[in-house]
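Reading through the structure tokens given below for one structure.
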Amino acid sequence: MDNRSGTINQEIPMLAERDIESCYLGQFIPLHYHHNMLMDQRRMKNFREAISQVVFPGAKVLELGGGTGVLSFFAAATAEKVWCVEFNPDMVDEARRLLARNAHGHKIEVIQADAFAYLPPEPVDVVICEMIHVGMLREKQVDVMASFKQRYLARFGGPLPLFVPDAVIMAVQPLQLDYDFEGFNAPIVQFRELTREADDTLEMAEPQVYCTMDFQGDVDPEIRWSGHFTMAHSGTVSSLRFITKNILAVLLDQQTTIDWLNNFMILPLDAPVDVVAGDVLQVSFGYRAGGSLPSLQLTMTASVVARVSDLTPA
Ligand SMILES: C[S@@+](CC[C@H](N)C(=O)[O-])C[C@H]1O[C@@H](n2cnc3c(N)ncnc32)[C@H](O)[C@@H]1O
């Protein structure tokens, strides 16, 4: 047990060790945060579109981590039956209350269960799982999907159902950010809206993809990356921006995909690096999917491996 869980343990002595870790690592999402998720129009619109493309009339659907039940509601518009699994008892009550107010609610069975243990009573055609955080950190999407596939194949054999999301692409980009808040210098983690104007931010190089995961196949939860960026500007690389694009559905016949881009996450480097345009910066980091933000941040390194001044004739 680390210091943080020790503190929590003293404050909330009744919490079991597993629940303490869950609170920290994104498994417990309070009710008021579900309103933010419902308000996220890109997320809602694109999930609705993807689900309507993937779920066919008569389909059996399983949702893991149902929250308010909104994605099950989208599925029930076409599906014959939806099992909606949610761990948090308060959210189970809330999902039942909300689904009863909406069309097709009678097709959805809300079940209070752990997605790491639950299997539907019969094979399903589609599995929806939105336990997604930038970089696949904190929330347990990757482990839940892996556990589900293994247990599903053992009980029902193949084929596996289709998964929503189908895949994820993750990229990283070095930034210059001043971290000045009315004169108060505070290099801390930030989450930024995709549309927000960012006068305080300079993109020091184009983003590079560091990991792709295909949920239809086997996914390695261990992520290790090292890569080189040629600096587009002179300045100070102070942070890394993490970009996560979820491929919700692949529409082969239309040769397109339906995607959902998470808000950007920006993590400050422990040791900012002064660079000149043309320098080559090496960046490396590693973490386990589902791990904490510090577990990534502690591994982040950046250093200049080729100075432009050494490359240009005097
Ligand atoms: C990011 S929210 C998404 C909620 C909903 N699907 C939506 O899209 O609005 C993830 C949900 O998964 C639930 N959850 C997390 N871990 C779980 C587990 N092991 N078993 C079942 N539900 C879980 C959380 O309580 C939360 O409601």
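Chain lettering (A, B, ...) mirrors the order of the structure tokens, residue numbering begins at 1 for each chain separately, and ligand numbering begins at 1 in order of display.
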Practice prompt. Pick out the residues sitting within 9 Å of Leu64 in chain A, and hand them over as a PyMOL selection string; count only C-alpha atoms, and ignore anything fewer than 6 positions along from it in its own chain.
Written response: chain A and resi 83-86+114-115+118+127-131+144
Worksheet item: ligand 1: which residues are within 7 Å, counting only C-alpha atoms and all ligand atoms, as a list in words?
Response: Gln27, Phe28, Ile29, His34, Met37, Leu38, Leu64, Gly65, Gly66, Gly67, Thr68, Gly69, Val70, Leu71, Val85, Glu86, Phe87, Asn88, Met91, Ala113, Asp114, Ala115, Phe116, Cys129, Glu130, Met131, Ile132 and Lys140 of chain A
Item to complete: Could you tell me which of A:Phe148, A:Phe56, A:Phe163, A:Phe181 comes closest to Gln216 in chain A if we count only C-alpha atoms?
Response: A:Phe163
Practice prompt. Point out the residue among A:Leu99, A:Val164, A:Ala59, A:Leu175 with the least atom-to-atom distance to Phe242 in chain A, counting only C-alpha atoms.
Written response: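 Closest to Phe242 in chain A, using only C-alpha atoms: A:Leu175.
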Discussion item. List as a PyMOL selection string the protein and nucleic acid residues near range 289-296 of chain A, meaning an atom at most 8 Å away when only C-alpha atoms are counted, but skip any in the same chain fewer than 5 places from it.
Written reply: chain A and resi 24-25+135-143+221-223
Fill in: Coordinates-based distance that separates CA of Asn263 in chain A from CA of Ser239 in chain A (Å, one decimal)
15.9 Å
Discussion item. Give me the residues near Tyr179 in chain A as JSON, numbers by chain, where near means some atom within 10 Å (using only C-alpha atoms) and where sequence neighbours in that chain fewer than 5 positions away do not count.
Written reply: {"A": [184, 185, 186, 187, 188, 190, 200, 201, 238, 239, 268]}
What would the file look like if the residues just selected were written as an mmCIF file, in the first residue's frame with all heavy atoms?
data_model
loop_
_atom_site.group_PDB
_atom_site.id
_atom_site.type_symbol
_atom_site.label_atom_id
_atom_site.label_comp_id
_atom_site.auth_asym_id
_atom_site.auth_seq_id
_atom_site.Cartn_x
_atom_site.Cartn_y
_atom_site.Cartn_z
ATOM 1 N N PHE A 184 1.902 32.910 -11.225
ATOM 2 C CA PHE A 184 2.135 31.693 -10.438
ATOM 3 C C PHE A 184 2.551 30.592 -11.398
ATOM 4 O O PHE A 184 1.791 30.223 -12.295
ATOM 5 C CB PHE A 184 0.843 31.318 -9.705
ATOM 6 C CG PHE A 184 0.975 30.115 -8.811
ATOM 7 C CD1 PHE A 184 1.862 30.110 -7.741
ATOM 8 C CD2 PHE A 184 0.191 28.987 -9.023
ATOM 9 C CE1 PHE A 184 1.976 28.999 -6.915
ATOM 10 C CE2 PHE A 184 0.293 27.876 -8.202
ATOM 11 C CZ PHE A 184 1.190 27.891 -7.136
ATOM 12 N N ASN A 185 3.771 30.084 -11.216
ATOM 13 C CA ASN A 185 4.279 29.044 -12.101
ATOM 14 C C ASN A 185 3.836 27.680 -11.579
ATOM 15 O O ASN A 185 4.164 27.304 -10.452
ATOM 16 C CB ASN A 185 5.811 29.133 -12.178
ATOM 17 C CG ASN A 185 6.351 28.076 -13.117
ATOM 18 O OD1 ASN A 185 6.897 27.062 -12.695
ATOM 19 N ND2 ASN A 185 6.180 28.304 -14.404
ATOM 20 N N ALA A 186 3.080 26.957 -12.393
ATOM 21 C CA ALA A 186 2.534 25.674 -11.917
ATOM 22 C C ALA A 186 2.516 24.647 -13.036
ATOM 23 O O ALA A 186 1.525 24.495 -13.744
ATOM 24 C CB ALA A 186 1.127 25.875 -11.364
ATOM 25 N N PRO A 187 3.650 23.953 -13.232
ATOM 26 C CA PRO A 187 3.645 22.884 -14.241
ATOM 27 C C PRO A 187 2.901 21.652 -13.729
ATOM 28 O O PRO A 187 3.466 20.837 -12.997
ATOM 29 C CB PRO A 187 5.143 22.589 -14.456
ATOM 30 C CG PRO A 187 5.872 23.259 -13.352
ATOM 31 C CD PRO A 187 4.946 24.097 -12.559
ATOM 32 N N ILE A 188 1.644 21.560 -14.076
ATOM 33 C CA ILE A 188 0.829 20.422 -13.638
ATOM 34 C C ILE A 188 0.070 19.862 -14.841
ATOM 35 O O ILE A 188 -0.028 20.513 -15.876
ATOM 36 C CB ILE A 188 -0.193 20.799 -12.534
ATOM 37 C CG1 ILE A 188 -1.089 21.948 -13.007
ATOM 38 C CG2 ILE A 188 0.500 21.152 -11.236
ATOM 39 C CD1 ILE A 188 -2.258 22.214 -12.101
ATOM 40 N N GLN A 190 -2.663 18.930 -17.459
ATOM 41 C CA GLN A 190 -3.805 19.704 -17.971
ATOM 42 C C GLN A 190 -4.586 18.843 -18.952
ATOM 43 O O GLN A 190 -4.007 18.064 -19.697
ATOM 44 C CB GLN A 190 -3.325 20.943 -18.740
ATOM 45 C CG GLN A 190 -2.590 21.937 -17.898
ATOM 46 C CD GLN A 190 -2.200 23.177 -18.693
ATOM 47 O OE1 GLN A 190 -2.681 23.387 -19.812
ATOM 48 N NE2 GLN A 190 -1.335 23.985 -18.119
ATOM 49 N N ASP A 200 -0.913 30.197 -25.262
ATOM 50 C CA ASP A 200 0.250 29.906 -24.425
ATOM 51 C C ASP A 200 0.998 28.669 -24.892
ATOM 52 O O ASP A 200 1.942 28.229 -24.253
ATOM 53 C CB ASP A 200 -0.200 29.715 -22.970
ATOM 54 C CG ASP A 200 -1.170 28.549 -22.816
ATOM 55 O OD1 ASP A 200 -1.746 28.115 -23.838
ATOM 56 O OD2 ASP A 200 -1.318 28.067 -21.686
ATOM 57 N N THR A 201 0.561 28.092 -26.019
ATOM 58 C CA THR A 201 1.119 26.803 -26.444
ATOM 59 C C THR A 201 1.804 26.928 -27.791
ATOM 60 O O THR A 201 1.248 27.505 -28.718
ATOM 61 C CB THR A 201 -0.017 25.766 -26.586
ATOM 62 O OG1 THR A 201 -0.755 25.746 -25.378
ATOM 63 C CG2 THR A 201 0.532 24.384 -26.871
ATOM 64 N N SER A 238 8.684 21.896 -22.870
ATOM 65 C CA SER A 238 8.355 21.790 -21.439
ATOM 66 C C SER A 238 7.399 20.639 -21.152
ATOM 67 O O SER A 238 7.232 20.245 -19.999
ATOM 68 C CB SER A 238 7.698 23.088 -20.964
ATOM 69 O OG SER A 238 6.507 23.304 -21.706
ATOM 70 N N SER A 239 6.748 20.114 -22.207
ATOM 71 C CA SER A 239 5.663 19.165 -21.944
ATOM 72 C C SER A 239 5.431 18.231 -23.119
ATOM 73 O O SER A 239 5.859 18.513 -24.237
ATOM 74 C CB SER A 239 4.340 19.896 -21.707
ATOM 75 O OG SER A 239 4.493 21.258 -21.620
ATOM 76 N N PRO A 268 3.650 17.873 -17.910
ATOM 77 C CA PRO A 268 4.926 18.590 -17.902
ATOM 78 C C PRO A 268 6.107 17.633 -17.739
ATOM 79 O O PRO A 268 6.010 16.639 -17.023
ATOM 80 C CB PRO A 268 4.812 19.518 -16.687
ATOM 81 C CG PRO A 268 3.799 18.875 -15.804
ATOM 82 C CD PRO A 268 2.874 18.069 -16.672
#
Using only C-alpha atoms, find each residue in range 214-288 of chain A having at least one atom no more than 12 Å away from range 46-55 of chain A; report its shortest atom-to-atom pair and that distance in Å (one decimal), rows by chain then rising number, as a tab-separated table.
residue	atom	partner	partner_atom	distance
A:Asn246	CA	A:Asn46	CA	10.3
A:Ile247	CA	A:Ala50	CA	9.3
A:Leu248	CA	A:Ala50	CA	6.0
A:Ala249	CA	A:Ala50	CA	5.4
A:Val250	CA	A:Ala50	CA	8.5
A:Leu251	CA	A:Gln53	CA	7.9
A:Leu252	CA	A:Gln53	CA	11.0
A:Asp253	CA	A:Gln53	CA	11.2
A:Gln254	CA	A:Gln53	CA	11.0
A:Thr256	CA	A:Ala50	CA	11.3
A:Thr257	CA	A:Ala50	CA	8.6
A:Ile258	CA	A:Ala50	CA	6.1
A:Asp259	CA	A:Asn46	CA	6.7
A:Trp260	CA	A:Asn46	CA	6.5
A:Leu261	CA	A:Asn46	CA	9.9
A:Asn262	CA	A:Asn46	CA	11.9
